[in-house]
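**Student:** My structure file query-v2.cif, mmCIF, C-alpha atoms, is below:
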data_structure
#
loop_
_atom_site.label_atom_id
_atom_site.label_comp_id
_atom_site.auth_asym_id
_atom_site.auth_seq_id
_atom_site.Cartn_x
_atom_site.Cartn_y
_atom_site.Cartn_z
CA MET S 1 6.67 17.87 -23.10
CA SER S 2 4.78 20.78 -21.62
CA SER S 3 2.37 20.68 -18.72
CA VAL S 4 -0.45 23.07 -17.86
CA ALA S 5 -0.22 23.97 -14.18
CA ILE S 6 -3.47 23.99 -12.23
CA THR S 7 -4.11 24.10 -8.49
CA GLU S 8 -4.81 20.77 -6.84
CA VAL S 9 -8.44 21.01 -5.72
CA ASN S 10 -9.76 20.73 -2.18
CA GLU S 11 -6.41 20.21 -0.46
CA THR S 12 -6.72 21.24 3.18
CA PRO S 13 -4.77 24.52 3.34
CA SER S 14 -3.53 23.94 6.85
CA GLY S 15 -2.78 20.26 6.28
CA ALA S 16 -4.56 19.59 9.55
CA ILE S 17 -5.70 16.11 10.49
CA PRO S 18 -9.50 15.90 10.20
CA PRO S 19 -11.34 15.82 13.53
CA LYS S 20 -12.69 12.52 14.83
CA ALA S 21 -16.05 11.76 13.26
CA THR S 22 -19.25 11.92 15.24
CA THR S 23 -21.32 8.83 16.01
CA GLY S 24 -22.53 7.13 12.83
CA GLU S 25 -19.84 8.60 10.57
CA GLN S 26 -16.82 6.68 9.33
CA VAL S 27 -13.45 7.37 10.94
CA VAL S 28 -10.22 7.19 8.94
CA THR S 29 -7.10 8.53 10.64
CA PRO S 30 -3.54 7.16 11.04
CA TRP S 31 -4.65 5.75 14.41
CA ASP S 32 -8.23 4.57 13.86
CA VAL S 33 -10.16 3.09 10.93
CA GLN S 34 -13.87 2.30 11.28
CA GLY S 35 -16.71 2.23 8.80
CA GLY S 36 -19.84 4.30 9.38
CA VAL S 37 -23.03 3.09 11.03
CA ALA S 38 -26.37 3.18 9.19
CA GLU S 39 -29.60 4.39 10.80
CA ASP S 40 -30.63 0.78 11.44
CA GLY S 41 -27.38 0.22 13.36
CA LYS S 42 -25.72 -1.83 10.61
CA GLN S 43 -21.95 -1.43 10.29
CA LEU S 44 -21.00 -0.06 6.87
CA GLY S 45 -17.87 -0.45 4.78
CA ILE S 46 -15.45 2.42 4.16
CA ASP S 47 -16.83 4.97 1.67
CA TYR S 48 -13.74 5.68 -0.44
CA ASP S 49 -15.47 8.18 -2.72
CA LYS S 50 -16.28 10.20 0.39
CA LEU S 51 -12.63 10.04 1.46
CA ILE S 52 -11.50 11.47 -1.87
CA VAL S 53 -13.71 14.49 -1.26
CA GLN S 54 -12.87 14.76 2.43
CA PHE S 55 -9.10 14.46 1.96
CA GLY S 56 -9.01 16.49 -1.26
CA THR S 57 -7.25 13.84 -3.37
CA ARG S 58 -7.90 12.77 -6.97
CA ALA S 59 -9.40 9.52 -8.19
CA ILE S 60 -7.22 7.29 -10.35
CA ASP S 61 -9.23 7.20 -13.58
CA ALA S 62 -9.02 5.35 -16.89
CA GLU S 63 -7.25 8.27 -18.59
CA LEU S 64 -4.42 8.21 -16.03
CA LEU S 65 -4.06 4.42 -16.32
CA GLN S 66 -3.91 4.68 -20.12
CA ARG S 67 -1.14 7.23 -19.85
CA PHE S 68 0.72 5.03 -17.36
CA GLU S 69 0.59 2.11 -19.77
CA ARG S 70 1.60 4.22 -22.77
CA LEU S 71 4.67 5.63 -21.00
CA THR S 72 5.88 2.51 -19.19
CA GLY S 73 4.89 -0.22 -21.64
CA HIS S 74 3.36 -2.16 -18.76
CA LYS S 75 -0.26 -3.13 -18.27
CA PRO S 76 -1.38 -1.54 -14.99
CA HIS S 77 -0.98 -3.79 -11.97
CA VAL S 78 -4.03 -5.80 -10.89
CA LEU S 79 -4.32 -3.55 -7.82
CA LEU S 80 -4.62 -0.53 -10.12
CA ARG S 81 -6.97 -2.18 -12.61
CA ARG S 82 -9.40 -3.19 -9.86
CA GLY S 83 -9.26 0.06 -7.94
CA MET S 84 -7.43 -1.24 -4.85
CA PHE S 85 -5.10 1.71 -5.40
CA PHE S 86 -7.79 4.28 -6.06
CA SER S 87 -6.58 7.78 -5.22
CA HIS S 88 -3.51 9.95 -5.70
CA ARG S 89 -1.80 13.26 -5.26
CA GLU S 90 0.13 14.39 -8.33
CA LEU S 91 0.90 10.97 -9.80
CA GLY S 92 0.73 12.72 -13.16
CA ARG S 93 3.70 14.90 -12.17
CA ILE S 94 5.75 11.76 -11.49
CA LEU S 95 4.78 10.43 -14.93
CA ASP S 96 5.91 13.76 -16.40
CA ARG S 97 9.35 13.25 -14.86
CA TYR S 98 9.49 9.64 -16.00
CA GLU S 99 8.66 10.66 -19.56
CA ALA S 100 11.36 13.34 -19.46
CA GLY S 101 13.94 10.98 -17.95
CA LYS S 102 14.22 13.07 -14.76
CA PRO S 103 14.99 11.25 -11.49
CA PHE S 104 12.56 10.51 -8.68
CA PHE S 105 12.37 7.84 -6.00
CA LEU S 106 9.87 5.65 -4.16
CA TYR S 107 9.28 5.87 -0.42
CA THR S 108 7.14 3.59 1.70
CA GLY S 109 7.27 2.21 5.22
CA ARG S 110 6.15 -0.15 7.92
CA GLY S 111 5.40 0.24 11.62
CA PRO S 112 7.02 -2.82 13.26
CA SER S 113 4.55 -3.64 16.03
CA SER S 114 4.94 -7.42 15.82
CA ASP S 115 7.44 -10.02 14.64
CA SER S 116 5.24 -11.16 11.74
CA MET S 117 3.48 -9.22 9.01
CA HIS S 118 0.01 -10.13 7.80
CA LEU S 119 -1.49 -10.18 4.34
CA GLY S 120 -2.75 -6.59 4.64
CA HIS S 121 0.83 -5.41 5.26
CA MET S 122 2.02 -7.23 2.15
CA ILE S 123 -0.27 -5.41 -0.30
CA PRO S 124 1.60 -2.05 -0.40
CA PHE S 125 4.93 -3.87 -0.62
CA MET S 126 3.74 -6.12 -3.46
CA PHE S 127 2.66 -3.03 -5.33
CA THR S 128 5.79 -1.03 -4.48
CA LYS S 129 7.99 -3.87 -5.71
CA TRP S 130 6.12 -3.78 -9.01
CA LEU S 131 6.54 0.00 -9.24
CA GLN S 132 10.28 -0.37 -8.64
CA ASP S 133 10.51 -2.94 -11.44
CA VAL S 134 8.49 -0.76 -13.83
CA PHE S 135 10.17 2.58 -13.15
CA ASP S 136 13.64 1.23 -12.26
CA VAL S 137 14.19 3.87 -9.56
CA PRO S 138 15.61 3.92 -6.02
CA LEU S 139 13.37 2.91 -3.12
CA VAL S 140 13.67 3.81 0.56
CA VAL S 141 11.72 1.87 3.20
CA GLN S 142 11.25 3.41 6.63
CA LEU S 143 10.74 1.15 9.68
CA THR S 144 9.12 3.33 12.34
CA ASP S 145 10.35 1.47 15.41
CA ASP S 146 10.53 4.76 17.31
CA GLU S 147 6.84 5.46 16.71
CA LYS S 148 5.78 2.00 17.88
CA TYR S 149 7.82 2.42 21.05
CA LEU S 150 6.24 5.83 21.77
CA PHE S 151 2.63 4.96 20.96
CA LYS S 152 2.41 1.33 22.12
CA HIS S 153 3.29 1.48 25.79
CA GLU S 154 3.42 -2.30 26.20
CA LEU S 155 6.40 -2.54 23.82
CA LYS S 156 9.98 -2.23 25.06
CA LEU S 157 12.75 -0.52 23.12
CA ASP S 158 14.63 -3.74 22.39
CA GLN S 159 11.38 -5.38 21.23
CA VAL S 160 10.62 -2.79 18.54
CA GLN S 161 14.23 -2.94 17.35
CA GLN S 162 13.94 -6.73 16.99
CA PHE S 163 10.57 -6.37 15.26
CA ALA S 164 12.11 -3.89 12.80
CA ARG S 165 14.78 -6.37 11.76
CA LYS S 166 12.31 -9.24 11.47
CA ASN S 167 9.96 -7.08 9.41
CA ALA S 168 12.90 -6.09 7.19
CA ARG S 169 13.37 -9.79 6.43
CA ASP S 170 9.69 -10.02 5.42
CA ILE S 171 9.98 -6.96 3.20
CA ILE S 172 13.13 -8.24 1.48
CA ALA S 173 11.30 -11.52 0.79
CA CYS S 174 8.97 -9.58 -1.54
CA GLY S 175 11.86 -9.49 -4.02
CA PHE S 176 13.15 -5.93 -3.91
CA ASN S 177 16.30 -5.06 -5.88
CA LEU S 178 19.25 -4.73 -3.49
CA ASP S 179 21.06 -2.37 -5.88
CA ARG S 180 18.09 0.03 -5.77
CA THR S 181 16.74 -0.35 -2.20
CA PHE S 182 17.65 1.06 1.21
CA ILE S 183 15.74 -0.18 4.27
CA PHE S 184 16.29 1.72 7.49
CA SER S 185 15.18 1.72 11.10
CA ASN S 186 14.41 5.17 12.49
CA LEU S 187 16.21 4.43 15.74
CA ALA S 188 19.35 3.32 13.88
CA TYR S 189 19.41 5.77 10.94
CA VAL S 190 17.62 8.88 12.21
CA GLY S 191 18.44 8.68 15.93
CA ASP S 192 16.41 9.32 19.06
CA ASN S 193 12.87 10.64 18.67
CA VAL S 194 12.07 13.29 21.29
CA GLY S 195 8.36 12.54 21.49
CA LYS S 196 5.02 11.82 19.85
CA LEU S 197 4.65 15.26 18.25
CA HIS S 198 8.13 14.98 16.78
CA PHE S 199 7.25 11.74 14.97
CA VAL S 200 5.32 13.62 12.26
CA ALA S 201 8.61 15.26 11.22
CA ILE S 202 10.40 11.89 11.35
CA GLN S 203 7.87 10.33 8.97
CA ALA S 204 8.08 13.38 6.69
CA ALA S 205 11.88 13.52 6.42
CA PRO S 206 12.34 10.61 3.97
CA SER S 207 10.14 12.50 1.49
CA PHE S 208 13.13 14.78 0.82
CA SER S 209 16.02 13.49 -1.25
CA ASN S 210 18.81 15.09 0.81
CA SER S 211 17.85 12.76 3.68
CA PHE S 212 19.76 10.10 1.73
CA PRO S 213 23.23 11.40 0.81
CA GLN S 214 24.35 7.87 -0.14
CA ILE S 215 21.81 8.04 -2.99
CA PHE S 216 21.33 11.70 -3.93
CA GLY S 217 24.26 13.48 -2.31
CA SER S 218 23.19 16.96 -1.24
CA LYS S 219 20.46 17.30 -3.89
CA SER S 220 17.16 18.43 -2.41
CA ASP S 221 15.14 18.77 -5.62
CA ILE S 222 14.36 15.10 -6.33
CA PRO S 223 10.68 14.30 -5.63
CA CYS S 224 9.31 11.01 -4.39
CA LEU S 225 6.23 8.87 -4.95
CA ILE S 226 4.76 7.35 -1.80
CA PRO S 227 2.53 4.23 -2.09
CA CYS S 228 0.56 4.01 1.16
CA ALA S 229 -2.84 3.26 2.63
CA ILE S 230 -5.26 6.20 2.59
CA ASP S 231 -5.15 6.53 6.40
CA GLN S 232 -1.54 7.77 6.13
CA ASP S 233 -2.51 10.71 3.90
CA PRO S 234 -2.93 13.23 6.79
CA TYR S 235 0.77 12.87 7.64
CA PHE S 236 1.78 13.69 4.10
CA ARG S 237 -0.65 16.57 3.75
CA LEU S 238 1.38 18.20 6.50
CA THR S 239 4.56 17.17 4.67
CA ARG S 240 3.36 18.73 1.42
CA ASP S 241 2.56 22.01 3.17
CA THR S 242 5.96 22.00 4.86
CA ALA S 243 7.77 21.16 1.61
CA THR S 244 6.46 24.33 0.00
CA LYS S 245 7.80 26.44 2.87
CA LEU S 246 11.19 24.68 2.70
CA LYS S 247 11.30 25.06 -1.10
CA TYR S 248 11.42 21.27 -1.52
CA PRO S 249 9.31 19.38 -4.07
CA LYS S 250 6.04 18.06 -2.67
CA PRO S 251 5.89 14.28 -2.34
CA ALA S 252 3.40 12.61 -4.66
CA LEU S 253 1.17 9.87 -3.25
CA ILE S 254 -0.80 6.90 -4.46
CA HIS S 255 -3.36 5.55 -1.96
CA SER S 256 -4.63 2.04 -1.38
CA LYS S 257 -7.86 0.87 0.12
CA PHE S 258 -7.68 -1.21 3.29
CA PHE S 259 -7.25 -4.95 3.12
CA PRO S 260 -10.47 -6.12 4.79
CA ALA S 261 -10.44 -8.12 7.99
CA LEU S 262 -11.79 -11.65 7.84
CA GLN S 263 -14.91 -10.40 9.62
CA GLY S 264 -15.87 -8.08 6.77
CA PRO S 265 -15.08 -4.95 4.74
CA GLN S 266 -16.15 -2.41 7.39
CA THR S 267 -12.65 -2.38 8.91
CA LYS S 268 -9.09 -3.45 8.12
CA MET S 269 -6.88 -6.36 9.14
CA SER S 270 -5.29 -5.79 12.53
CA ALA S 271 -2.08 -7.29 13.89
CA SER S 272 -3.63 -7.09 17.36
CA ASP S 273 -6.44 -9.52 16.45
CA ALA S 274 -5.07 -12.85 15.22
CA ASN S 275 -8.50 -13.97 14.00
CA SER S 276 -8.89 -10.89 11.79
CA ALA S 277 -5.80 -11.57 9.72
CA ILE S 278 -3.93 -14.05 7.57
CA TYR S 279 -0.34 -13.94 8.82
CA MET S 280 2.59 -14.60 6.53
CA THR S 281 3.70 -17.24 9.06
CA ASP S 282 0.39 -19.14 8.93
CA THR S 283 0.40 -22.76 7.83
CA ALA S 284 -1.82 -24.07 5.05
CA GLY S 285 -4.09 -25.57 7.71
CA GLN S 286 -4.36 -22.30 9.63
CA ILE S 287 -5.26 -20.41 6.46
CA LYS S 288 -7.97 -22.94 5.63
CA ASN S 289 -9.39 -22.79 9.15
CA LYS S 290 -9.42 -18.98 9.29
CA ILE S 291 -11.20 -18.58 5.96
CA ASN S 292 -13.75 -21.30 6.66
CA LYS S 293 -14.42 -20.28 10.27
CA HIS S 294 -14.01 -16.49 10.28
CA GLY S 295 -14.33 -15.39 6.63
CA PHE S 296 -17.39 -13.16 6.20
CA SER S 297 -19.72 -14.54 3.54
CA GLY S 298 -21.95 -12.79 1.07
CA GLY S 299 -23.94 -15.97 0.54
CA GLN S 300 -27.41 -16.93 1.72
CA GLU S 301 -28.30 -18.85 4.90
CA THR S 302 -29.01 -22.14 3.10
CA GLU S 303 -27.86 -23.76 -0.13
CA GLU S 304 -31.42 -23.70 -1.44
CA GLU S 305 -31.75 -19.95 -0.84
CA HIS S 306 -28.30 -19.32 -2.31
CA ARG S 307 -29.09 -21.21 -5.53
CA LYS S 308 -32.35 -19.26 -5.79
CA LEU S 309 -31.20 -15.76 -4.76
CA GLY S 310 -27.46 -15.84 -5.38
CA GLY S 311 -24.71 -14.27 -3.29
CA ASN S 312 -23.16 -10.82 -3.00
CA PRO S 313 -19.44 -10.89 -3.93
CA ASP S 314 -19.08 -7.19 -3.08
CA VAL S 315 -19.20 -7.96 0.66
CA ASP S 316 -17.80 -11.49 0.55
CA VAL S 317 -14.30 -11.54 2.06
CA SER S 318 -13.15 -14.56 0.02
CA TYR S 319 -14.02 -12.76 -3.19
CA GLN S 320 -12.37 -9.55 -1.97
CA TYR S 321 -9.16 -11.45 -1.21
CA LEU S 322 -9.21 -13.04 -4.66
CA GLY S 323 -9.28 -9.51 -6.05
CA PHE S 324 -5.76 -9.03 -4.70
CA LEU S 325 -4.45 -12.42 -5.81
CA GLU S 326 -6.24 -13.52 -9.01
CA GLU S 327 -4.35 -12.00 -11.96
CA ASP S 328 -6.84 -13.09 -14.65
CA ASP S 329 -9.50 -10.38 -14.99
CA ALA S 330 -11.84 -12.61 -16.98
CA GLU S 331 -11.65 -15.36 -14.36
CA TYR S 332 -12.26 -12.89 -11.55
CA GLU S 333 -15.37 -11.54 -13.30
CA LYS S 334 -16.57 -15.09 -14.03
CA ILE S 335 -16.40 -15.98 -10.32
CA ALA S 336 -18.50 -12.92 -9.42
CA LYS S 337 -21.07 -13.70 -12.11
CA GLU S 338 -21.46 -17.31 -10.98
CA TYR S 339 -21.69 -16.32 -7.32
CA ARG S 340 -24.41 -13.76 -8.04
CA ALA S 341 -26.27 -16.36 -10.10
CA GLY S 342 -26.11 -18.90 -7.26
CA THR S 343 -24.26 -21.50 -9.33
CA LEU S 344 -21.10 -20.98 -7.26
CA LEU S 345 -21.66 -21.76 -3.59
CA THR S 346 -20.02 -20.06 -0.61
CA GLY S 347 -17.98 -23.16 0.24
CA GLN S 348 -16.70 -23.35 -3.32
CA LEU S 349 -15.76 -19.66 -3.33
CA LYS S 350 -13.92 -20.08 -0.04
CA ALA S 351 -12.05 -23.09 -1.48
CA LEU S 352 -10.84 -20.95 -4.41
CA CYS S 353 -9.67 -18.28 -2.01
CA ILE S 354 -7.94 -20.77 0.31
CA LYS S 355 -5.98 -22.27 -2.59
CA LYS S 356 -4.74 -18.88 -3.79
CA LEU S 357 -3.83 -17.76 -0.27
CA GLN S 358 -1.97 -20.98 0.51
CA GLU S 359 0.05 -20.64 -2.70
CA PHE S 360 0.84 -16.97 -2.07
CA VAL S 361 1.90 -17.47 1.56
CA LYS S 362 3.97 -20.61 0.72
CA THR S 363 5.88 -18.76 -2.02
CA PHE S 364 6.56 -15.91 0.39
CA GLN S 365 7.76 -18.31 3.11
CA ASP S 366 10.12 -20.03 0.65
CA ASN S 367 11.57 -16.66 -0.37
CA LYS S 368 11.91 -15.53 3.24
CA ALA S 369 13.90 -18.66 4.11
CA LYS S 370 16.57 -17.49 1.66
CA VAL S 371 16.99 -14.07 3.35
CA THR S 372 20.04 -14.36 5.60
CA ASP S 373 21.25 -11.94 8.26
CA GLU S 374 23.99 -10.91 5.85
CA VAL S 375 21.40 -9.96 3.23
CA ILE S 376 19.47 -7.89 5.79
CA ASP S 377 22.69 -6.10 6.77
CA LYS S 378 23.33 -5.20 3.13
CA PHE S 379 19.85 -3.76 2.61
CA MET S 380 20.19 -1.71 5.82
CA ASP S 381 23.75 -0.51 5.23
CA SER S 382 23.56 3.30 5.22
CA THR S 383 27.05 3.63 3.69
CA ARG S 384 26.16 1.63 0.58
CA LYS S 385 25.96 3.77 -2.56
CA ILE S 386 22.78 3.50 -4.66
CA ASP S 387 22.46 4.74 -8.25
CA PRO S 388 19.99 7.67 -8.28
CA THR S 389 19.19 7.55 -12.00
CA ILE S 390 16.09 6.02 -13.57
CA GLY S 391 15.66 3.55 -16.39
CA HIS S 392 14.70 6.09 -19.06
CA PRO S 393 11.51 5.17 -20.96
CA ALA S 394 13.34 5.63 -24.28
CA GLN S 395 15.43 2.57 -23.38
CA LYS S 396 12.37 0.39 -22.90
CA SER S 397 10.40 -1.55 -25.48
CA PRO S 398 7.42 0.43 -26.82
CA PRO S 399 4.05 -0.61 -25.38
CA GLU S 400 1.31 -2.25 -27.35
CA PRO S 401 -1.11 0.40 -28.72
CA THR S 402 -4.32 0.77 -26.73
CA ALA S 403 -7.76 0.92 -28.30
CA ALA S 404 -8.36 4.32 -26.77
CA GLY S 405 -5.11 5.74 -28.19
CA ALA S 406 -2.57 7.86 -26.39
CA ALA S 407 -3.70 9.73 -23.29
CA PRO S 408 -2.85 13.42 -22.94
CA ALA S 409 0.02 14.67 -20.80
CA SER S 410 -0.56 15.51 -17.17
CA ALA S 411 -2.17 18.81 -16.29
CA GLU S 412 -1.29 18.63 -12.61
CA ALA S 413 0.69 21.16 -10.63
CA ALA S 414 4.47 21.00 -10.87
CA ALA S 415 6.48 21.13 -7.69
#
Could you show the structure in this file as structure tokens?
**Tutor:**
Amino acid sequence: MSSVAITEVNETPSGAIPPKATTGEQVVTPWDVQGGVAEDGKQLGIDYDKLIVQFGTRAIDAELLQRFERLTGHKPHVLLRRGMFFSHRELGRILDRYEAGKPFFLYTGRGPSSDSMHLGHMIPFMFTKWLQDVFDVPLVVQLTDDEKYLFKHELKLDQVQQFARKNARDIIACGFNLDRTFIFSNLAYVGDNVGKLHFVAIQAAPSFSNSFPQIFGSKSDIPCLIPCAIDQDPYFRLTRDTATKLKYPKPALIHSKFFPALQGPQTKMSASDANSAIYMTDTAGQIKNKINKHGFSGGQETEEEHRKLGGNPDVDVSYQYLGFLEEDDAEYEKIAKEYRAGTLLTGQLKALCIKKLQEFVKTFQDNKAKVTDEVIDKFMDSTRKIDPTIGHPAQKSPPEPTAAGAAPASAEAAA
């Protein structure tokens, strides 16, 4: 398969982190995420189309999803179909390698700032687990305990190390393949971090295959695909610039939107605000109370007005959460249609959301209970050998033909 090389448009040449926005503009950086403010003072949601332009990424479009399905034989994940993962850098190049049977790996991470992860933390791991199953490739998971110690002054060194191990248990509970997965703490695997400025290099290092000799030996030419939230992109813009200078392949990225806080889509869930998040340790009763009490509604003030005017599912948090959890596209669209028509009330929509959330969290908790200390040790064993090869697409069952036919090969830049 041949590929036409073109320059990736609008990528910041210097890889510099964008300056903090002025009053009224949205702010999206690795340290701060806030929607813009309208002229009337109303808080706005994140404008993701604007971020694509600002960050110089590419939108994930129907053509790319068709090619993904044709090559892998898998219907795109619900988070892809509904645009939760909406942007990328050179995903087409990774698909080129997959089609050719050439190796690559997945890299994602978690900043362990607390002993429990919330629903927003789970989304990238749910998706990454699915990618690992589809591509059958190695995965490395970085726990940035050093960064949390440096940037969160209230945390002690032993605390972040304990959080890293507890978060590793949560991550393992997502169902990752032990034979294909290495989870590591920066403090344990990388060593001491000399300061805040040095952390950028620490987060960049796992993008390069020779950081993992137990998987790739001394090979430095194996690229990675990084599923992450869009606020992490500035780190990896710097990494991509550095990779070129080091003659390493640039990491490819696939970006998610933020999982909205209970208070609305203008910001993201925060571990520092218990009432903004559904924690994976929450009981069924706590989940019900949080959604009913704190869940932002797109409905009207009274039942009479709602039946007459209908609700707005686009800003309703219960509906947004269902978008992550309801697999059936037809059912998801039906809920939106009925809510807009006023035949589905806010309380009924919240009840649907509560049921799905309770089921999801209970399944996770059951899986987590099976993760022993011995299992964690195995996942975090840096001496354990991991097969670097991929499940070649030729070995997989052919996909069902799509109505649109086969999508063309990628025309993105090769590393």
**Student:** Might you spell out which residues the PyMOL selection byres ((chain S and resi 375-389) around 8) would select in the displayed file, as a CSV table (one decimal) with C-alpha atoms, keeping the file's coordinate frame?
**Tutor:**
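result00.csv, written as the output of this step:
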chain,number,residue,atom,x,y,z
S,102,LYS,CA,14.2,13.1,-14.8
S,103,PRO,CA,15.0,11.2,-11.5
S,104,PHE,CA,12.6,10.5,-8.7
S,105,PHE,CA,12.4,7.8,-6.0
S,137,VAL,CA,14.2,3.9,-9.6
S,138,PRO,CA,15.6,3.9,-6.0
S,165,ARG,CA,14.8,-6.4,11.8
S,168,ALA,CA,12.9,-6.1,7.2
S,169,ARG,CA,13.4,-9.8,6.4
S,172,ILE,CA,13.1,-8.2,1.5
S,178,LEU,CA,19.2,-4.7,-3.5
S,179,ASP,CA,21.1,-2.4,-5.9
S,180,ARG,CA,18.1,0.0,-5.8
S,181,THR,CA,16.7,-0.4,-2.2
S,182,PHE,CA,17.6,1.1,1.2
S,183,ILE,CA,15.7,-0.2,4.3
S,184,PHE,CA,16.3,1.7,7.5
S,189,TYR,CA,19.4,5.8,10.9
S,214,GLN,CA,24.4,7.9,-0.1
S,215,ILE,CA,21.8,8.0,-3.0
S,216,PHE,CA,21.3,11.7,-3.9
S,371,VAL,CA,17.0,-14.1,3.4
S,372,THR,CA,20.0,-14.4,5.6
S,373,ASP,CA,21.2,-11.9,8.3
S,374,GLU,CA,24.0,-10.9,5.8
S,390,ILE,CA,16.1,6.0,-13.6
S,391,GLY,CA,15.7,3.6,-16.4
**Student:** Hey, can you check how far atom CA of S:Phe86 sits from atom CA of S:Ile60?
**Tutor:**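 So the answer is 5.3 Å.
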**Student:** Could you jot down the atom CA of S:Ala277 to atom CA of S:Pro30 separation for me, Å, one decimal place?
**Tutor:**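 Computing the Euclidean distance for atom CA of S:Ala277 and atom CA of S:Pro30 yields 18.9 Å.
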**Student:** Ranking S:Leu225, S:Gln159, S:Tyr149, S:Asp233 by minimum distance to S:Gly56 and counting all atoms listed in the file, which one comes first?
**Tutor:** S:Asp233
**Student:** Evaluate the PyMOL selection byres ((chain S and resi 323) around 10) and record the selected residues as a PyMOL selection string, following the chain and residue labels used in the document.
**Tutor:** chain S and resi 78-79+82-84+317-322+324-329+332-333+353
**Student:** Could you please take those selected residues and save C-alpha atoms as an mmCIF file, in the coordinates of the input?
**Tutor:**
data_model
loop_
_atom_site.group_PDB
_atom_site.id
_atom_site.type_symbol
_atom_site.label_atom_id
_atom_site.label_comp_id
_atom_site.auth_asym_id
_atom_site.auth_seq_id
_atom_site.Cartn_x
_atom_site.Cartn_y
_atom_site.Cartn_z
ATOM 1 C CA VAL S 78 -4.030 -5.800 -10.890
ATOM 2 C CA LEU S 79 -4.320 -3.550 -7.820
ATOM 3 C CA ARG S 82 -9.400 -3.190 -9.860
ATOM 4 C CA GLY S 83 -9.260 0.060 -7.940
ATOM 5 C CA MET S 84 -7.430 -1.240 -4.850
ATOM 6 C CA VAL S 317 -14.300 -11.540 2.060
ATOM 7 C CA SER S 318 -13.150 -14.560 0.020
ATOM 8 C CA TYR S 319 -14.020 -12.760 -3.190
ATOM 9 C CA GLN S 320 -12.370 -9.550 -1.970
ATOM 10 C CA TYR S 321 -9.160 -11.450 -1.210
ATOM 11 C CA LEU S 322 -9.210 -13.040 -4.660
ATOM 12 C CA PHE S 324 -5.760 -9.030 -4.700
ATOM 13 C CA LEU S 325 -4.450 -12.420 -5.810
ATOM 14 C CA GLU S 326 -6.240 -13.520 -9.010
ATOM 15 C CA GLU S 327 -4.350 -12.000 -11.960
ATOM 16 C CA ASP S 328 -6.840 -13.090 -14.650
ATOM 17 C CA ASP S 329 -9.500 -10.380 -14.990
ATOM 18 C CA TYR S 332 -12.260 -12.890 -11.550
ATOM 19 C CA GLU S 333 -15.370 -11.540 -13.300
ATOM 20 C CA CYS S 353 -9.670 -18.280 -2.010
#
**Student:** Using only C-alpha atoms, find each residue in stretch 271-319 of chain S having at least one atom no more than 7 Å away from stretch 243-267 of chain S; report its shortest atom-to-atom pair and that distance in Å (one decimal), rows by chain then rising number, as a tab-separated table.
**Tutor:**
residue	atom	partner	partner_atom	distance
S:Ser276	CA	S:Ala261	CA	5.0
S:Ala277	CA	S:Ala261	CA	6.0
S:His294	CA	S:Leu262	CA	5.9
S:Gly295	CA	S:Leu262	CA	4.7
S:Phe296	CA	S:Gln263	CA	5.0
S:Val315	CA	S:Pro265	CA	6.5
S:Val317	CA	S:Gly264	CA	6.1
**Student:** Using all atoms listed in the file, which of the listed residues (S:Arg110, S:Gly120, S:Asp133, S:Gln54) sits closest to S:His77?
**Tutor:**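 Between S:Arg110, S:Gly120, S:Asp133, S:Gln54, the residue approaching S:His77 most closely is S:Asp133.
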**Student:** Report the distance between atom CA of S:Ala341 and atom CA of S:Val37 in Å, rounded to one decimal place.
**Tutor:**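 So the two atoms, atom CA of S:Ala341 and atom CA of S:Val37, lie 28.9 Å apart.
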**Student:** Under the PyMOL selection byres ((chain S and resi 340) around 9), which residues of this model are included? Write them out as a list in words.
**Tutor:** Gly299, His306, Leu309, Gly310, Gly311, Asn312, Pro313, Ile335, Ala336, Lys337, Glu338, Tyr339, Ala341, Gly342, Thr343 and Leu344 of chain S
**Student:** List as an NGL selection string the protein and nucleic acid residues near stretch 142-144 of chain S, meaning an atom at most 8 Å away when only C-alpha atoms are counted, but skip any in the same chain fewer than 2 places from it.
**Tutor:** :S and (107-112 or 140 or 146-148 or 164 or 168 or 183-187 or 203 or 206)
